[in-house]
Amino acid sequence: MDALAPDTPALPLDAEGILELAARSMFHLFSSVSQGMFLVDLSGRIVWVNEGYQRFLPELGLTHVDQFLGHMVEDVIPNTQMRRVLETGEAVLIDLLTNRAGTFVVSRIPLRGDDEQVIGAIGIVLFDHPETTLQPLISKFALLQRDLDDARRELAVQRGRQLRAGSGDGTRRARHTFASFVGSSPAAAEVKRQARRAAQSSSPVLLLGETGTGKELLAHAIHAASARAAGPFVSVNIAAVPDTLLEAEFFGVAPGAYTGADRKPRDGKFKLADGGTLFLDEIGDMPQSLQAKLLRALQEGEIEPLGSNQLVPFDVRVVAATSRDLSALVREGTFREDLYYRLHVLPLRVPPLRERRSDIPALVELLGEDMALRNGTATPELRPDALALLMGQPWRGNIRELRNVLEQAAMRSESQSIDAEQLTRILRETGVEPAAPLAEAAPAVADDRALLRPLAEQVAEVEQRAIAAALRASAGNKQAAARALGISRATLYGRLENPE
C-alpha cells in the first residue's frame with residue numbers, strides 16, 4: 001500500500017478540484033516564466049497585468065500602469081488581435097506581434113465561465129527580441145526560405161523553357177489568370193469584376209486603355225476563366241504585322257496561292273484559334289482594306305483562305321484591345337463604324353497606373369521577385385523614400401515603364417537596397433522630371449476625363465485612402481483609426497477584409 005509522508009499536501013480527490021489546481025498552477029507558471037502577461041474582460045478592457053509586462057509600458061508610450069489598466073486593449077497595444085479572440089473564442093497559441101515596443105512571440109487564450117461562454121482572454125508574451133532568443137529556429141527558417149527561393153528560381157527557368165518551346169502538342173494556352181492582375185485598389189478591383197463577368201459570356205470583348213496597363217494579361221485571364229479555357233488562346237499584334245501579310249496571317253493560305261507559296265496549306269489565326277479565343281491586339285491599327293473582311297468573318301463565322309474558293313467555318317471568341325480612341329477613329333473615317341459596333345459589345349476600360357497608385361507597392365514587390373527569378377539575383381529592396389517617389393510619378397508608360405525603371409535601378413545599384421536618389425537620377429536620364437513623392441505631392445485638379453468613371457468606384461477609392469491615412473496616424477491601432485473616421489471597429493474590419 002502506498003504511503004504519504006504526514007506533511008505531504010493531499011491532491012484534491014474530485015476532478016473539478018484537480019482541474020482548478022492545474023489551472024491555478026499553470027497560471028502562476030506562465031506568469032513567472034513568461035516575459036509578461038495581462039487579462040482583459042469580455043469588453044476588451046484590461047483588468048490585470050503582471051510586473052513582467054509592466055516593463056514594456058514605457059516603450060508603448062505609457063508612463064504609469066494606470067494608463068494601461070482599465071483601458072481598452074486596442075487603445076494601448078497597437079496591432080493587438082485580442083479582440084478577435086474575444087469575438088471568436090479561438091485561441092492563438094503562437095503568433096508574432098510587432099508594434100512600437102518591438103517584435104514579440106505571443107499567445108492569446110480565451111477564458112471561459114462555468115457555462116463555457118467566453119468571459120475574457122489572457123495575453124502572454126512568450127519571448128521578446130525573437131531575433132536573438134529564437135536564433136536557432138530563425139536560422140533554420142532562413143535556410144528553408146533560401147531553399148524555397150532556389151526552387152522558385154529553378155521552376156521559373158523551367159517554365160521559361162516550356163513557354164519558349166511551346167506545349168508538347170503544339171497547343172497555345174493562356175499564360176495568366178485574374179490572380180496575375182495584381183492590385184486591390186478600387187480601380188483594379190472594378191476592372192477585374194467586370195472582366196470576370198465578361199468571361200462568362202461568348203460576346204466579343206473590347207479592352208480599352210493606355211499602353212502598358214495589362215490589357216493582354218486580362219485577355220489571357222478572360223480566356224482562362226471562360227468556358228473555352230480548354231481551347232487554344234491565339235494572339236496577333238496587328239501593329240507588328242506588315243499590311244501586306246495581314247490577310248494571310250488572319251485567314252491562312254491555300255496551296256500555291258501565289259508565286260513562291262508553299263504547296264501545303266497554311267492555317268491562319270482564325271483556324272488556329274478554332275474552339276478557343278482569338279486576341280486581336282492593337283485593333284485600331286488595322287488597315288481599312290482588311291476591316292471589311294474581318295467584319296464579314298465575324299458576322300458569318302467562316303473564312304476564305306487566300307487563294308481558295310472554299311469557305312472554312314470556325315468557332316472563335318474574339319477579344320480585341322487598343323490604346324487608341326476607336327470612337328475618334330470612327331468619326332475620322334479611318335475605322336469602320338459597323339466593325340466598331342461589332343467589337344464594342346463588352347467594352348472594358350483598363351485603368352492607367354496613376355489611377356491605382358495604392359497598387360504600386362504590390363507591383364514593385366512582384367516585379368522585383370520576377371526580375372530576381374529571371375536573373376538569378378537577390379530581390380531588390382526599396383527604401384520608404386524610394387517607394388513614395390514611385391507612387392508620386394504619372395507613369396505615362398504605366399507598368400511597362402515602372403518595370404524598366406526598376407530593372408535599371410537594380411542593375412546599377414551596388415547594393416540590394418534602392419533609395420529615392422538613385423531612382424531620381426534614372427528618371428531624369430530617361431527625360432522625365434520626377435514628380436514629388438506621394439506623401440509630399442500637392443493635390444492636383446483632376447482631369448475631367450479621369451472623373452468620367454463610376455461614382456461608386458471613386459467613392460471607394462477615397463474611402464480606402466482615408467482608412468490607410470487613419471491607420472498610419474494611429475500607428476496601426478484599429479480602435480483609434482475607427483474613432484478618427486467616425487465608424488465602428490466592425491465596419492473598419494469589414495472594409496479592410498473586403499475593399500471591393
# chains A, B, ... in the order shown; residues from 1 in each chain; ligands from 1

$ select_by_dssp --residues "range 266-499 of chain A" --states "helix (DSSP H, G or I)" --output "JSON, numbers by chain"
{"A": [269, 270, 271, 272, 283, 284, 285, 288, 289, 290, 291, 292, 293, 294, 295, 296, 297, 298, 299, 300, 326, 327, 328, 329, 330, 331, 332, 337, 338, 339, 340, 341, 342, 343, 353, 354, 355, 357, 358, 359, 360, 361, 362, 363, 364, 365, 366, 367, 368, 369, 370, 371, 372, 373, 374, 375, 384, 385, 386, 387, 388, 389, 390, 391, 398, 399, 400, 401, 402, 403, 404, 405, 406, 407, 408, 409, 410, 411, 412, 420, 421, 422, 423, 424, 425, 426, 427, 428, 429, 448, 449, 450, 451, 455, 456, 457, 458, 459, 460, 461, 462, 463, 464, 465, 466, 467, 468, 469, 470, 471, 472, 473, 478, 479, 480, 481, 482, 483, 484, 485, 489, 490, 491, 492, 493, 494, 495, 496, 497]}

$ select_by_dssp --residues "range 20-127 of chain A" --states "strand (DSSP E or B)" --output "PyMOL selection string"
chain A and resi 36-41+45-49+72+92-99+102-112+118-127

$ atom_distance --atom1 "CA of Asp114 in chain A" --atom2 "CA of Asp14 in chain A"
16.6 Å

$ residues_around --residues "Arg336 in chain A" --least-positions-apart "2" --cutoff "8 Å" --atoms "only C-alpha atoms" --output "PyMOL selection string"
chain A and resi 288+291-292+330+333-334+338-340

$ closest_residue --among "A:Ile426, A:Leu42, A:Ala410, A:Ala195" --to "Ala372 in chain A" --atoms "only C-alpha atoms"
A:Ala410

$ residues_around --residues "range 212-217 of chain A" --least-positions-apart "2" --cutoff "10 Å" --atoms "only C-alpha atoms" --output "VMD selection string"
chain A and resid 174 to 178 180 to 182 206 to 210 219 to 222 235 279 to 281 319 to 323 348 to 353 395 to 402

$ atom_distance --atom1 "CA of Ala239 in chain A" --atom2 "CA of Pro394 in chain A"
25.6 Å
